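This is data.csv (CSV, C-alpha atoms).
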```csv
chain,number,residue,atom,x,y,z
L,1,MET,CA,43.6,125.5,84.8
L,2,ILE,CA,44.7,123.3,81.9
L,3,ASP,CA,45.5,119.7,82.8
L,4,ALA,CA,49.2,119.7,81.9
L,5,PRO,CA,52.5,118.7,83.5
L,6,SER,CA,53.5,121.1,86.2
L,7,SER,CA,56.9,121.6,84.6
L,8,THR,CA,55.1,123.5,81.9
L,9,TRP,CA,54.1,126.3,84.2
L,10,PHE,CA,57.0,127.3,86.4
L,11,THR,CA,59.0,129.6,84.1
L,12,VAL,CA,58.8,133.3,84.1
L,13,ASN,CA,57.1,134.9,81.1
L,14,PRO,CA,59.8,136.2,78.8
L,15,HIS,CA,57.6,139.1,77.7
L,16,TRP,CA,58.1,138.6,74.0
L,17,GLN,CA,55.8,141.0,72.1
L,18,TRP,CA,55.6,142.5,68.7
L,19,TYR,CA,59.3,143.0,68.1
L,20,ILE,CA,59.9,139.3,68.5
L,21,VAL,CA,56.8,138.4,66.3
L,22,PHE,CA,58.3,140.5,63.5
L,23,TYR,CA,61.7,139.1,64.1
L,24,PHE,CA,60.4,135.6,63.8
L,25,PHE,CA,58.6,136.5,60.6
L,26,VAL,CA,61.3,138.5,58.9
L,27,GLY,CA,64.0,136.0,60.0
L,28,GLY,CA,62.0,133.2,58.4
L,29,LEU,CA,61.8,135.1,55.2
L,30,ALA,CA,65.6,135.7,55.3
L,31,GLY,CA,66.4,132.1,55.8
L,32,GLY,CA,63.8,130.8,53.4
L,33,CYS,CA,64.6,133.2,50.5
L,34,TYR,CA,68.3,132.5,50.7
L,35,PHE,CA,67.7,128.8,50.8
L,36,LEU,CA,65.5,128.9,47.8
L,37,ALA,CA,67.9,131.2,45.9
L,38,ALA,CA,70.8,128.9,46.6
L,39,VAL,CA,68.8,125.9,45.3
L,40,ILE,CA,67.8,127.8,42.2
L,41,ASP,CA,71.4,128.9,41.9
L,42,LEU,CA,72.8,125.4,42.2
L,43,PHE,CA,70.3,123.4,40.2
L,44,GLY,CA,68.1,125.9,38.3
L,45,ARG,CA,68.0,126.9,34.7
L,46,ARG,CA,70.0,129.7,33.2
L,47,ALA,CA,66.7,131.5,32.5
L,48,ASP,CA,66.0,131.6,36.2
L,49,ARG,CA,69.0,133.6,37.0
L,50,PRO,CA,67.0,136.8,37.9
L,51,LEU,CA,64.9,134.7,40.4
L,52,ALA,CA,68.0,133.5,42.2
L,53,ARG,CA,69.3,137.1,42.4
L,54,LEU,CA,66.0,138.2,43.8
L,55,GLY,CA,66.2,135.7,46.6
L,56,TYR,CA,69.7,137.1,47.5
L,57,TYR,CA,68.5,140.6,47.2
L,58,VAL,CA,65.8,139.9,49.8
L,59,ALA,CA,67.8,137.8,52.2
L,60,PHE,CA,70.5,140.3,53.2
L,61,PRO,CA,68.2,143.3,54.1
L,62,ALA,CA,65.9,140.8,55.9
L,63,VAL,CA,68.8,139.7,58.1
L,64,LEU,CA,69.7,143.3,58.9
L,65,VAL,CA,66.1,144.0,59.9
L,66,SER,CA,66.0,140.8,62.0
L,67,GLY,CA,69.1,141.8,63.9
L,68,LEU,CA,67.7,145.3,64.5
L,69,LEU,CA,64.4,143.9,65.8
L,70,LEU,CA,66.2,141.5,68.1
L,71,THR,CA,68.5,144.2,69.4
L,72,VAL,CA,65.7,146.7,70.0
L,73,ASP,CA,63.8,144.1,72.0
L,74,LEU,CA,66.6,143.8,74.5
L,75,SER,CA,66.0,145.6,77.8
L,76,ARG,CA,69.3,147.4,77.1
L,77,PRO,CA,69.8,147.4,73.4
L,78,LEU,CA,73.4,148.9,73.5
L,79,ARG,CA,74.5,145.8,75.2
L,80,PHE,CA,73.6,143.5,72.3
L,81,TRP,CA,77.3,142.7,71.8
L,82,HIS,CA,77.2,140.7,75.0
L,83,MET,CA,75.5,138.0,73.1
L,84,LEU,CA,78.6,137.5,71.1
L,85,ILE,CA,81.5,138.8,73.2
L,86,GLU,CA,82.4,138.0,76.8
L,87,ARG,CA,82.5,141.3,78.7
L,88,ASN,CA,85.6,140.7,80.9
L,89,THR,CA,87.9,138.8,78.5
L,90,LEU,CA,86.5,140.2,75.2
L,91,GLY,CA,86.7,136.7,73.9
L,92,PRO,CA,83.9,135.0,71.9
L,93,MET,CA,80.8,134.3,74.0
L,94,PHE,CA,79.6,130.9,72.8
L,95,LYS,CA,77.4,128.6,74.9
L,96,TYR,CA,76.9,125.4,73.0
L,97,TRP,CA,74.1,124.4,75.4
L,98,SER,CA,72.2,127.6,74.8
L,99,PRO,CA,69.9,127.7,71.8
L,100,MET,CA,69.9,131.5,72.1
L,101,SER,CA,73.7,131.7,72.0
L,102,ILE,CA,73.9,129.3,69.1
L,103,GLY,CA,71.2,131.3,67.3
L,104,SER,CA,73.0,134.6,67.8
L,105,TRP,CA,76.2,133.2,66.2
L,106,ALA,CA,74.2,131.5,63.4
L,107,LEU,CA,72.5,134.7,62.6
L,108,LEU,CA,75.8,136.5,62.5
L,109,ILE,CA,77.5,133.9,60.2
L,110,PHE,CA,74.4,133.7,58.0
L,111,GLY,CA,74.5,137.5,57.7
L,112,ILE,CA,78.0,137.2,56.3
L,113,PHE,CA,76.9,134.7,53.7
L,114,THR,CA,73.9,136.8,52.7
L,115,PHE,CA,76.1,139.9,52.4
L,116,ILE,CA,78.6,138.1,50.0
L,117,SER,CA,75.7,136.7,47.9
L,118,PHE,CA,74.0,140.1,47.9
L,119,LEU,CA,77.0,141.8,46.4
L,120,ALA,CA,77.7,138.9,44.0
L,121,ALA,CA,74.1,139.1,42.8
L,122,PHE,CA,74.6,142.8,42.0
L,123,ALA,CA,77.8,142.0,40.2
L,124,ASP,CA,76.0,139.3,38.3
L,125,ALA,CA,73.5,141.9,37.2
L,126,ASP,CA,76.3,144.2,36.2
L,127,ARG,CA,75.2,146.7,38.8
L,128,VAL,CA,78.5,146.5,40.7
L,129,HIS,CA,81.7,146.4,38.7
L,130,ARG,CA,83.9,144.3,41.0
L,131,PRO,CA,85.4,141.4,39.1
L,132,ALA,CA,86.4,139.7,42.4
L,133,LEU,CA,82.8,139.3,43.3
L,134,ARG,CA,82.1,137.2,40.2
L,135,ARG,CA,83.9,134.3,41.7
L,136,PHE,CA,80.9,133.8,44.0
L,137,GLN,CA,78.5,133.3,41.1
L,138,LEU,CA,77.4,129.7,40.7
L,139,PRO,CA,78.0,127.6,37.6
L,140,ALA,CA,74.3,127.0,37.1
L,141,LEU,CA,73.8,130.7,36.5
L,142,ARG,CA,76.9,131.4,34.5
L,143,THR,CA,77.2,131.4,30.7
L,144,LEU,CA,80.8,131.0,29.4
L,145,ARG,CA,82.8,131.1,32.6
L,146,ALA,CA,84.3,128.1,34.3
L,147,PRO,CA,82.6,126.6,37.4
L,148,SER,CA,83.2,128.5,40.6
L,149,LEU,CA,84.2,126.5,43.7
L,150,ALA,CA,83.9,129.6,45.9
L,151,GLY,CA,80.4,130.2,44.7
L,152,ARG,CA,79.3,126.6,45.4
L,153,ILE,CA,80.8,126.8,48.9
L,154,VAL,CA,79.0,130.1,49.7
L,155,ALA,CA,75.7,128.9,48.4
L,156,VAL,CA,75.8,125.5,50.1
L,157,LEU,CA,77.0,126.8,53.5
L,158,GLY,CA,74.7,129.8,53.3
L,159,GLY,CA,71.8,127.6,52.4
L,160,ILE,CA,72.5,125.4,55.4
L,161,PHE,CA,72.6,128.3,57.7
L,162,GLY,CA,69.5,129.7,56.1
L,163,PHE,CA,67.6,126.5,56.7
L,164,TYR,CA,68.7,126.6,60.3
L,165,ILE,CA,67.6,130.2,60.8
L,166,ALA,CA,64.2,129.4,59.2
L,167,GLY,CA,63.5,126.7,61.9
L,168,TYR,CA,65.6,128.0,64.8
L,169,THR,CA,62.9,130.3,66.1
L,170,GLY,CA,60.5,127.4,66.5
L,171,ILE,CA,63.3,125.5,68.4
L,172,LEU,CA,63.9,128.5,70.6
L,173,LEU,CA,60.2,128.5,71.6
L,174,ALA,CA,60.3,124.8,72.4
L,175,VAL,CA,63.1,125.1,74.9
L,176,THR,CA,61.6,128.0,76.9
L,177,ASN,CA,59.5,125.7,79.0
L,178,ARG,CA,56.4,127.8,78.5
L,179,PRO,CA,52.8,126.7,78.0
L,180,ILE,CA,52.1,125.5,74.4
L,181,TRP,CA,55.7,126.2,73.3
L,182,SER,CA,57.2,123.3,75.4
L,183,ASP,CA,54.3,121.0,74.9
L,184,THR,CA,55.0,119.9,71.4
L,185,PRO,CA,58.3,118.9,69.7
L,186,LEU,CA,57.1,120.0,66.2
L,187,LEU,CA,57.4,123.8,66.3
L,188,GLY,CA,60.8,123.7,64.6
L,189,MET,CA,59.3,121.7,61.7
L,190,LEU,CA,56.3,124.0,61.6
L,191,PHE,CA,58.4,127.1,61.3
L,192,VAL,CA,60.6,125.6,58.6
L,193,ALA,CA,57.5,124.8,56.5
L,194,SER,CA,56.0,128.2,57.2
L,195,ALA,CA,59.3,129.9,56.2
L,196,ALA,CA,59.4,127.9,53.0
L,197,SER,CA,55.8,128.8,52.0
L,198,THR,CA,56.1,132.5,52.9
L,199,SER,CA,59.5,132.9,51.2
L,200,ALA,CA,58.2,131.2,48.0
L,201,ALA,CA,55.1,133.4,48.1
L,202,LEU,CA,57.3,136.6,48.5
L,203,LEU,CA,59.5,135.7,45.6
L,204,ILE,CA,56.4,134.9,43.5
L,205,LEU,CA,54.8,138.2,44.5
L,206,LEU,CA,57.9,140.2,43.7
L,207,ALA,CA,58.4,138.4,40.4
L,208,GLN,CA,54.8,138.9,39.3
L,209,ARG,CA,54.9,142.6,40.3
L,210,GLY,CA,58.0,142.9,38.1
L,211,GLY,CA,56.2,141.2,35.2
L,212,TRP,CA,58.6,138.4,35.0
L,213,ARG,CA,57.6,135.3,33.0
L,214,LEU,CA,60.2,132.8,34.1
L,215,PRO,CA,59.8,129.0,34.2
L,216,GLY,CA,61.1,129.2,37.8
L,217,VAL,CA,58.1,131.2,38.9
L,218,VAL,CA,55.8,128.4,37.7
L,219,ASP,CA,58.0,125.9,39.6
L,220,LEU,CA,57.8,128.1,42.7
L,221,HIS,CA,53.9,128.1,42.5
L,222,ARG,CA,53.9,124.3,42.5
L,223,PHE,CA,56.5,124.2,45.3
L,224,ASP,CA,54.5,126.6,47.4
L,225,ASP,CA,51.3,124.5,46.9
L,226,TRP,CA,53.0,121.4,48.2
L,227,VAL,CA,54.7,123.2,51.1
L,228,ILE,CA,51.4,124.7,52.2
L,229,VAL,CA,49.9,121.2,52.3
L,230,LEU,CA,52.9,120.0,54.3
L,231,GLU,CA,52.6,123.1,56.6
L,232,LEU,CA,48.9,122.3,57.2
L,233,VAL,CA,49.6,118.7,58.0
L,234,VAL,CA,52.4,119.7,60.5
L,235,LEU,CA,50.1,122.3,62.1
L,236,ILE,CA,47.4,119.7,62.6
L,237,ALA,CA,50.1,117.4,64.1
L,238,VAL,CA,51.1,120.2,66.4
L,239,MET,CA,47.6,120.7,67.6
L,240,VAL,CA,47.1,116.9,68.2
L,241,SER,CA,50.5,116.7,70.0
L,242,LEU,CA,49.4,119.4,72.4
L,243,GLY,CA,46.8,117.1,73.9
L,244,PRO,CA,44.9,118.7,76.8
L,245,VAL,CA,47.0,121.9,76.4
L,246,LEU,CA,45.1,122.5,73.1
L,247,ARG,CA,42.3,123.9,75.3
L,248,ALA,CA,44.5,127.0,75.8
L,249,TRP,CA,43.4,127.9,72.2
L,250,LEU,CA,39.6,127.8,73.0
L,251,ASN,CA,39.6,131.6,72.9
L,252,ALA,CA,40.2,134.4,70.4
L,253,TRP,CA,43.7,133.0,69.7
L,254,GLY,CA,42.2,129.7,68.5
L,255,VAL,CA,39.7,131.6,66.3
L,256,LEU,CA,42.6,133.6,64.8
L,257,LEU,CA,44.5,130.3,64.2
L,258,VAL,CA,41.6,128.6,62.5
L,259,PHE,CA,40.3,131.5,60.4
L,260,GLY,CA,43.4,133.6,59.9
L,261,VAL,CA,46.1,131.0,59.6
L,262,ILE,CA,44.4,127.8,58.3
L,263,ILE,CA,41.5,129.1,56.3
L,264,LEU,CA,42.8,132.4,55.0
L,265,GLY,CA,46.5,131.6,54.9
L,266,MET,CA,46.5,128.0,53.7
L,267,ILE,CA,43.2,126.7,52.4
L,268,ALA,CA,42.2,129.8,50.4
L,269,PRO,CA,45.6,130.1,48.6
L,270,LEU,CA,45.4,126.4,47.7
L,271,MET,CA,41.9,126.9,46.3
L,272,LEU,CA,42.9,129.9,44.3
L,273,SER,CA,45.9,128.1,42.9
L,274,PHE,CA,43.8,125.0,42.0
L,275,ARG,CA,41.2,127.2,40.2
L,276,ALA,CA,43.9,129.1,38.4
L,277,ARG,CA,45.6,125.9,37.2
L,278,ARG,CA,42.2,124.6,36.0
L,279,SER,CA,41.7,127.8,34.1
L,280,GLY,CA,45.1,127.5,32.5
L,281,ILE,CA,46.2,130.9,33.8
L,282,ALA,CA,49.0,132.0,36.2
L,283,SER,CA,48.1,132.2,39.8
L,284,THR,CA,47.2,135.7,40.9
L,285,THR,CA,49.1,137.7,43.4
L,286,THR,CA,46.2,137.3,45.9
L,287,SER,CA,47.2,133.8,46.9
L,288,ALA,CA,50.8,134.9,47.6
L,289,ILE,CA,49.6,137.8,49.7
L,290,LEU,CA,47.3,135.5,51.7
L,291,VAL,CA,50.2,133.1,52.3
L,292,LEU,CA,52.3,135.9,53.7
L,293,ILE,CA,49.4,137.1,55.9
L,294,GLY,CA,48.8,133.6,57.2
L,295,GLY,CA,52.5,133.1,57.9
L,296,PHE,CA,52.6,136.3,59.9
L,297,LEU,CA,49.4,135.4,61.9
L,298,LEU,CA,50.9,132.0,62.7
L,299,ARG,CA,53.7,133.7,64.5
L,300,VAL,CA,51.4,136.1,66.2
L,301,VAL,CA,49.3,133.2,67.6
L,302,MET,CA,52.3,131.1,68.6
L,303,VAL,CA,54.1,133.9,70.4
L,304,LEU,CA,51.3,136.0,71.9
L,305,SER,CA,49.0,133.2,72.9
L,306,SER,CA,51.6,131.7,75.2
L,307,GLU,CA,52.5,135.1,76.5
L,308,SER,CA,48.9,135.7,77.5
L,309,ILE,CA,48.7,132.6,79.7
```
Entire entry expressed as structure tokens:
Amino acid sequence: MIDAPSSTWFTVNPHWQWYIVFYFFVGGLAGGCYFLAAVIDLFGRRADRPLARLGYYVAFPAVLVSGLLLTVDLSRPLRFWHMLIERNTLGPMFKYWSPMSIGSWALLIFGIFTFISFLAAFADADRVHRPALRRFQLPALRTLRAPSLAGRIVAVLGGIFGFYIAGYTGILLAVTNRPIWSDTPLLGMLFVASAASTSAALLILLAQRGGWRLPGVVDLHRFDDWVIVLELVVLIAVMVSLGPVLRAWLNAWGVLLVFGVIILGMIAPLMLSFRARRSGIASTTTSAILVLIGGFLLRVVMVLSSESI
């Protein structure tokens, strides 16, 4: 038995398995990609317009997949609407003291913002001929049109909700009072950093697969390198903050954390990026793929290791 406070051990196992692991991963990509797209949209160069659209293209489908995974994981999926609507009164079901209730509403509202931006991105690319959607395009990505207040509002509010969704899953773990999850206050910060690194890696990978040579892709490479360093520091801080509970990872989960997450998903991409920069060439897609693998394995370890105790 691990020497830990007794309050860590009295809750029932929530039985979160692979649906939740994928939900955490895809939800992080949705929030992170939208947030990065909004930042590029608000402050980026006109040449980076396709990169911002790419982030919006990814965010909305990712939100749909996240909601589907969360619904399927319920013991009675057809009752998912009970998370939002009170059964007897049919009024809104909102419990401000419940992170799960707050997260359900945040995911719904964020989904609305991603849908608006998704359609506006298609309109910006002239794939949807709806003039009304163009009002949601941001001035940083416009050419001869006047600044759009509606676009700014959507990007700012959607970006805030995206940031929250990216870290919400870590907060949700921390309040479940389960081993490992409740023994550190840093899971929210870790999941935000991981969502940022994996989202940047996904956008880089998609841009490179499309043969795009945009200045924003180079900026994303630099951003991803710094975020990976931050993520590594936060992960080490998480491990230190666990104290005696860290012994729960003296098993296969700990091996996966060290070799799969830290070495494969963080150190190896940083080394590849450093070598590519010294050679004066663009970073290969390998580093982006490794970051995505490491981000997924991080969620596998965080969810399933506590479930196995």
Query - Option closest in space to Asp224 of chain L, from L:Gly294, L:Gly27, L:Pro244, L:Pro269 [counting all atoms listed in the file] - result: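 Of L:Gly294, L:Gly27, L:Pro244, L:Pro269, the one nearest Asp224 of chain L, counting all atoms listed in the file, is L:Pro269.
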Query raised in the report: Which of these, L:Leu42, L:Ala30, L:Leu68, L:Ala276, has the shortest distance to Phe113 of chain L once you count all atoms listed in the file?
Result: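 Under the stated criterion, the closest residue is L:Ala30.
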Query raised in the report: What gap, in Å, lies between atom CA of Met302 of chain L and atom CA of Val21 of chain L?
Result: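 Rounded to one decimal, the two atoms are 8.9 Å apart.
Rounded to one decimal, atom CA of Val217 of chain L and atom CA of Arg53 of chain L lie 13.1 Å from each other.
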Query raised in the report: Which polymer residues have any atom within 8 Å of an atom of segment 251-259 of chain L, counting only C-alpha atoms, with same-chain residues fewer than 5 positions away left out, as a PyMOL selection string?
Result: chain L and resi 264+297-298+301+305
Query raised in the report: Between L:Ile263, L:Leu220, L:Ile116, L:Ile228, which is the closest to Val154 of chain L once you count all atoms listed in the file?
Result: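 So, comparing all the options, the nearest one is L:Ile116.
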Query - Of the listed residues L:Gly162, L:Pro61, L:Gly167, L:Gly67, that which approaches Leu119 of chain L most closely, counting all atoms listed in the file - result: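 Selected residue with least distance to Leu119 of chain L: L:Pro61.
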Query raised in the report: Can you tell me, as a list in words, what residues are no more than 9 Å from Arg299 of chain L when counting all atoms listed in the file, ignoring any on the same chain fewer than 5 positions away?
Result: Val21, Phe22, Phe24, Phe25, Phe191, Gly294 and Leu304 of chain L
Store the residues picked out above, limited to C-alpha atoms, as a PDB file, in the coordinates of the input.
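Final output, part-v9.pdb:
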```
ATOM      1  CA  VAL L  21      56.800 138.400  66.300  1.00  0.00           C
ATOM      2  CA  PHE L  22      58.300 140.500  63.500  1.00  0.00           C
ATOM      3  CA  PHE L  24      60.400 135.600  63.800  1.00  0.00           C
ATOM      4  CA  PHE L  25      58.600 136.500  60.600  1.00  0.00           C
ATOM      5  CA  PHE L 191      58.400 127.100  61.300  1.00  0.00           C
ATOM      6  CA  GLY L 294      48.800 133.600  57.200  1.00  0.00           C
ATOM      7  CA  LEU L 304      51.300 136.000  71.900  1.00  0.00           C
TER       8      LEU L 304
END
```
Report task. Grab the atom CA of Asp183 of chain L to atom CA of Met239 of chain L distance for me, in Å with one decimal place. Result ->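 One can read the atom CA of Asp183 of chain L to atom CA of Met239 of chain L distance as 9.9 Å.
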Report task. Tell me which of L:Pro215, L:Arg277, L:Ser117, L:Ala196 sits closest to Gly32 of chain L, counting all atoms listed in the file. Result ->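 For Gly32 of chain L, the nearest of the given residues is L:Ala196.
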Query raised in the report: How would you write as a ChimeraX atom specification the residues that get within 10 Å of (54.1, 134.0, 36.8) in the file's frame, counting only C-alpha atoms?
Result: /L:204-205,207-221,281-285
Can you write just those residues out, C-alpha atoms, as a compact mmCIF listing (two decimals), in the frame of the given file?
```txt
# COMPACT_ATOMS: atom_id res chain seq x y z
CA ILE L 204 56.40 134.90 43.50
CA LEU L 205 54.80 138.20 44.50
CA ALA L 207 58.40 138.40 40.40
CA GLN L 208 54.80 138.90 39.30
CA ARG L 209 54.90 142.60 40.30
CA GLY L 210 58.00 142.90 38.10
CA GLY L 211 56.20 141.20 35.20
CA TRP L 212 58.60 138.40 35.00
CA ARG L 213 57.60 135.30 33.00
CA LEU L 214 60.20 132.80 34.10
CA PRO L 215 59.80 129.00 34.20
CA GLY L 216 61.10 129.20 37.80
CA VAL L 217 58.10 131.20 38.90
CA VAL L 218 55.80 128.40 37.70
CA ASP L 219 58.00 125.90 39.60
CA LEU L 220 57.80 128.10 42.70
CA HIS L 221 53.90 128.10 42.50
CA ILE L 281 46.20 130.90 33.80
CA ALA L 282 49.00 132.00 36.20
CA SER L 283 48.10 132.20 39.80
CA THR L 284 47.20 135.70 40.90
CA THR L 285 49.10 137.70 43.40
```
Query raised in the report: Which of these, L:Val238, L:Leu51, L:Ser199, L:Leu36, has the shortest distance to Ala174 of chain L once you count all atoms listed in the file?
Result: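 Of L:Val238, L:Leu51, L:Ser199, L:Leu36, the one nearest Ala174 of chain L, counting all atoms listed in the file, is L:Val238.
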